[in-house]
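File shown: start.cif (mmCIF, C-alpha atoms).
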data_coords
loop_
_atom_site.group_PDB
_atom_site.id
_atom_site.type_symbol
_atom_site.label_atom_id
_atom_site.label_comp_id
_atom_site.auth_asym_id
_atom_site.auth_seq_id
_atom_site.Cartn_x
_atom_site.Cartn_y
_atom_site.Cartn_z
ATOM 1 C CA MET A 1 111.033 47.239 34.345
ATOM 2 C CA ALA A 2 110.083 50.476 32.564
ATOM 3 C CA THR A 3 112.661 53.222 32.229
ATOM 4 C CA GLN A 4 111.952 56.366 34.224
ATOM 5 C CA HIS A 5 111.977 59.429 31.983
ATOM 6 C CA PRO A 6 113.559 62.695 33.171
ATOM 7 C CA ILE A 7 111.079 65.181 34.643
ATOM 8 C CA GLU A 8 111.592 67.560 31.702
ATOM 9 C CA VAL A 9 110.400 64.874 29.269
ATOM 10 C CA ILE A 10 107.477 63.913 31.515
ATOM 11 C CA LEU A 11 106.353 67.550 31.606
ATOM 12 C CA LEU A 12 106.808 67.921 27.832
ATOM 13 C CA LYS A 13 104.611 64.848 27.252
ATOM 14 C CA GLN A 14 101.996 66.279 29.611
ATOM 15 C CA TRP A 15 102.037 69.608 27.752
ATOM 16 C CA ALA A 16 101.794 67.851 24.365
ATOM 17 C CA SER A 17 98.738 65.897 25.526
ATOM 18 C CA TYR A 18 96.850 69.177 26.037
ATOM 19 C CA ILE A 19 97.566 71.028 22.800
ATOM 20 C CA ALA A 20 95.903 70.765 19.387
ATOM 21 C CA VAL A 21 99.154 70.815 17.377
ATOM 22 C CA PRO A 22 100.670 67.437 16.442
ATOM 23 C CA VAL A 23 103.768 66.772 18.578
ATOM 24 C CA TRP A 24 106.375 63.983 18.333
ATOM 25 C CA ILE A 25 108.881 63.390 21.176
ATOM 26 C CA CYS A 26 111.958 61.170 21.037
ATOM 27 C CA ASP A 27 114.607 60.298 23.605
ATOM 28 C CA GLU A 28 118.327 61.051 23.350
ATOM 29 C CA ASP A 29 118.872 57.853 21.324
ATOM 30 C CA GLY A 30 116.232 58.896 18.777
ATOM 31 C CA ASN A 31 113.579 56.425 19.925
ATOM 32 C CA LEU A 32 109.951 57.501 19.865
ATOM 33 C CA SER A 33 108.759 58.349 23.366
ATOM 34 C CA TYR A 34 105.358 59.808 22.574
ATOM 35 C CA TYR A 35 103.152 61.476 20.023
ATOM 36 C CA ASN A 36 99.865 63.130 20.843
ATOM 37 C CA GLU A 37 96.338 62.592 19.525
ATOM 38 C CA PRO A 38 96.542 65.319 16.843
ATOM 39 C CA ALA A 39 99.678 63.564 15.535
ATOM 40 C CA GLU A 40 97.734 60.284 15.496
ATOM 41 C CA ASP A 41 95.125 61.916 13.269
ATOM 42 C CA LEU A 42 97.721 63.305 10.865
ATOM 43 C CA LEU A 43 99.871 60.142 10.742
ATOM 44 C CA GLY A 44 96.910 57.764 10.518
ATOM 45 C CA LEU A 45 98.103 55.553 13.385
ATOM 46 C CA ARG A 46 97.444 55.603 17.115
ATOM 47 C CA PHE A 47 100.533 56.012 19.320
ATOM 48 C CA ASP A 48 99.861 52.769 21.196
ATOM 49 C CA GLU A 49 99.757 50.902 17.856
ATOM 50 C CA ALA A 50 102.957 52.449 16.438
ATOM 51 C CA GLY A 51 105.450 50.184 18.158
ATOM 52 C CA PRO A 52 109.083 51.130 18.512
ATOM 53 C CA ILE A 53 110.265 53.724 15.999
ATOM 54 C CA ASN A 54 113.723 55.264 15.776
ATOM 55 C CA VAL A 55 114.287 58.510 13.890
ATOM 56 C CA ASP A 56 116.584 56.588 11.530
ATOM 57 C CA GLU A 57 113.454 54.786 10.264
ATOM 58 C CA LEU A 58 111.170 57.804 9.828
ATOM 59 C CA ALA A 59 111.714 58.480 6.121
ATOM 60 C CA ASP A 60 111.122 54.784 5.414
ATOM 61 C CA ARG A 61 108.188 54.298 7.774
ATOM 62 C CA TYR A 62 106.494 57.433 6.473
ATOM 63 C CA THR A 63 107.558 57.755 2.846
ATOM 64 C CA THR A 64 108.976 61.270 2.826
ATOM 65 C CA THR A 65 109.787 63.543 -0.107
ATOM 66 C CA ASP A 66 110.581 67.172 -0.653
ATOM 67 C CA LEU A 67 107.821 69.321 -2.127
ATOM 68 C CA ASN A 68 108.909 68.375 -5.671
ATOM 69 C CA GLY A 69 108.547 64.641 -4.956
ATOM 70 C CA SER A 70 112.260 63.808 -4.610
ATOM 71 C CA PRO A 71 113.045 61.350 -1.790
ATOM 72 C CA MET A 72 113.984 63.074 1.447
ATOM 73 C CA PRO A 73 116.966 61.546 3.266
ATOM 74 C CA THR A 74 116.248 60.807 6.926
ATOM 75 C CA GLU A 75 119.245 62.877 8.057
ATOM 76 C CA GLN A 76 117.584 66.037 6.663
ATOM 77 C CA LEU A 77 114.375 65.700 8.689
ATOM 78 C CA PRO A 78 114.035 68.441 11.347
ATOM 79 C CA ILE A 79 113.739 66.003 14.277
ATOM 80 C CA VAL A 80 116.960 64.290 13.194
ATOM 81 C CA VAL A 81 118.795 67.616 12.805
ATOM 82 C CA ALA A 82 117.578 68.761 16.247
ATOM 83 C CA LEU A 83 118.642 65.473 17.817
ATOM 84 C CA ARG A 84 122.013 65.206 16.060
ATOM 85 C CA ASP A 85 123.125 68.856 15.976
ATOM 86 C CA ARG A 86 121.209 70.089 19.036
ATOM 87 C CA VAL A 87 119.765 73.045 17.116
ATOM 88 C CA PRO A 88 116.202 73.876 16.052
ATOM 89 C CA ASP A 89 115.247 73.135 12.446
ATOM 90 C CA HIS A 90 112.248 73.661 10.156
ATOM 91 C CA LEU A 91 111.241 72.158 6.816
ATOM 92 C CA SER A 92 108.274 71.598 4.495
ATOM 93 C CA VAL A 93 107.932 68.001 3.281
ATOM 94 C CA ARG A 94 105.449 65.533 1.840
ATOM 95 C CA ILE A 95 104.719 62.337 3.761
ATOM 96 C CA LYS A 96 102.569 59.333 3.033
ATOM 97 C CA ASP A 97 100.549 58.498 6.141
ATOM 98 C CA HIS A 98 99.516 55.003 7.255
ATOM 99 C CA ARG A 99 96.306 55.289 5.230
ATOM 100 C CA GLY A 100 98.378 55.807 2.053
ATOM 101 C CA GLN A 101 97.384 59.462 1.723
ATOM 102 C CA TRP A 102 100.007 62.062 0.740
ATOM 103 C CA ARG A 103 100.155 65.113 2.995
ATOM 104 C CA VAL A 104 102.204 68.289 2.819
ATOM 105 C CA ILE A 105 103.400 69.236 6.283
ATOM 106 C CA GLN A 106 105.503 71.906 7.919
ATOM 107 C CA ALA A 107 107.739 70.487 10.655
ATOM 108 C CA SER A 108 109.657 72.389 13.298
ATOM 109 C CA ALA A 109 111.891 70.557 15.753
ATOM 110 C CA ALA A 110 114.050 71.507 18.729
ATOM 111 C CA PRO A 111 116.404 69.660 21.042
ATOM 112 C CA ILE A 112 115.312 68.914 24.606
ATOM 113 C CA GLU A 113 118.036 70.202 26.887
ATOM 114 C CA GLY A 114 117.654 69.582 30.605
ATOM 115 C CA GLN A 115 119.186 71.246 33.617
ATOM 116 C CA GLY A 116 122.945 71.058 33.729
ATOM 117 C CA GLY A 117 123.182 70.778 29.934
ATOM 118 C CA ARG A 118 121.776 67.223 29.812
ATOM 119 C CA HIS A 119 120.719 66.281 26.283
ATOM 120 C CA LEU A 120 117.370 64.498 26.682
ATOM 121 C CA GLY A 121 116.192 64.115 23.093
ATOM 122 C CA ALA A 122 114.203 66.241 20.675
ATOM 123 C CA PHE A 123 110.610 67.087 19.842
ATOM 124 C CA ALA A 124 108.860 68.158 16.679
ATOM 125 C CA MET A 125 105.649 70.015 16.022
ATOM 126 C CA PHE A 126 104.118 69.564 12.599
ATOM 127 C CA TRP A 127 101.011 70.677 10.786
ATOM 128 C CA GLU A 128 99.399 70.886 7.385
ATOM 129 C CA PRO A 129 99.687 74.439 5.988
#

Encoding of this model in structure tokens:
Amino acid sequence: MATQHPIEVILLKQWASYIAVPVWICDEDGNLSYYNEPAEDLLGLRFDEAGPINVDELADRYTTTDLNGSPMPTEQLPIVVALRDRVPDHLSVRIKDHRGQWRVIQASAAPIEGQGGRHLGAFAMFWEP
């Protein structure tokens, strides 16, 4: 039986499906819930082909470095900071997409806080400058 997502997350996914900016959404445990078509283009992999991904695996799944080429620890990625610390975060990084192409991206992430202070996860918007 599929888990029912909170209405706030359902509406966020709906919004993300209509915008041209790549968006990544994860639940409160850091598991990928959704990424939109523009994110598919940038990451080089369709959402329905991605399989389960936890934010702890992001820097490994998408080789991630700072702008100088030094490895970027997963715990410094904006989506992880937003999820863990419940604060917005922004960073410029380099990632290697599923096609093996290096890309410089800007990523901004924010926690998803529902009514009554419920922590529902985090989402990130990212783009190539």

Residues at most 7 Å from segment 6-16 of chain A, counting all atoms listed in the file, excluding those fewer than 2 positions away in the same chain, as a JSON list (two decimals) with C-alpha atoms, in the frame of the given file?
[["chain", "number", "residue", "atom", "x", "y", "z"],
["A", 4, "GLN", "CA", 111.95, 56.37, 34.22],
["A", 18, "TYR", "CA", 96.85, 69.18, 26.04],
["A", 19, "ILE", "CA", 97.57, 71.03, 22.80],
["A", 23, "VAL", "CA", 103.77, 66.77, 18.58],
["A", 34, "TYR", "CA", 105.36, 59.81, 22.57],
["A", 36, "ASN", "CA", 99.86, 63.13, 20.84],
["A", 114, "GLY", "CA", 117.65, 69.58, 30.60]]

Decode the PyMOL selection byres ((chain A and resi 53-69) around 12) for the given file into explicit residues and return them as a ChimeraX atom specification.
/A:24-35,42-45,47-52,70-84,91-106,121-124

Report, as AutoDock Vina command-line options, the axis-aligned box around all atoms of segment 123-128 of chain A present in the file, extended by 8 Å on each side; give centre and edge lengths in Å to one decimal place.
--center_x 105.0 --center_y 69.0 --center_z 13.6 --size_x 27.2 --size_y 19.8 --size_z 28.5

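A straight line drawn from atom CA of Pro38 of chain A to atom CA of Val21 of chain A is 6.1 Å long.
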
At what distance in Å, to one decimal, does atom CA of Asp41 of chain A lie from atom CA of Val87 of chain A?
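Atom CA of Asp41 of chain A lies 27.3 Å from atom CA of Val87 of chain A.
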
What does the distance between atom CA of His90 of chain A and atom CA of Ala20 of chain A come to in Å, to one decimal place?
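Answer for the atom CA of His90 of chain A to atom CA of Ala20 of chain A separation: 19.0 Å.
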
Nearest to Ala109 of chain A, chosen from A:Pro88, A:Glu37, A:Ser17, A:Pro129, with only C-alpha atoms counted in the distances
A:Pro88

Could you check the closest approach to Ala39 of chain A for each of A:Asp89, A:Ala107, A:Pro22, A:Glu128 and tell me which residue wins, using all atoms listed in the file?
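Nearest to Ala39 of chain A: A:Pro22.
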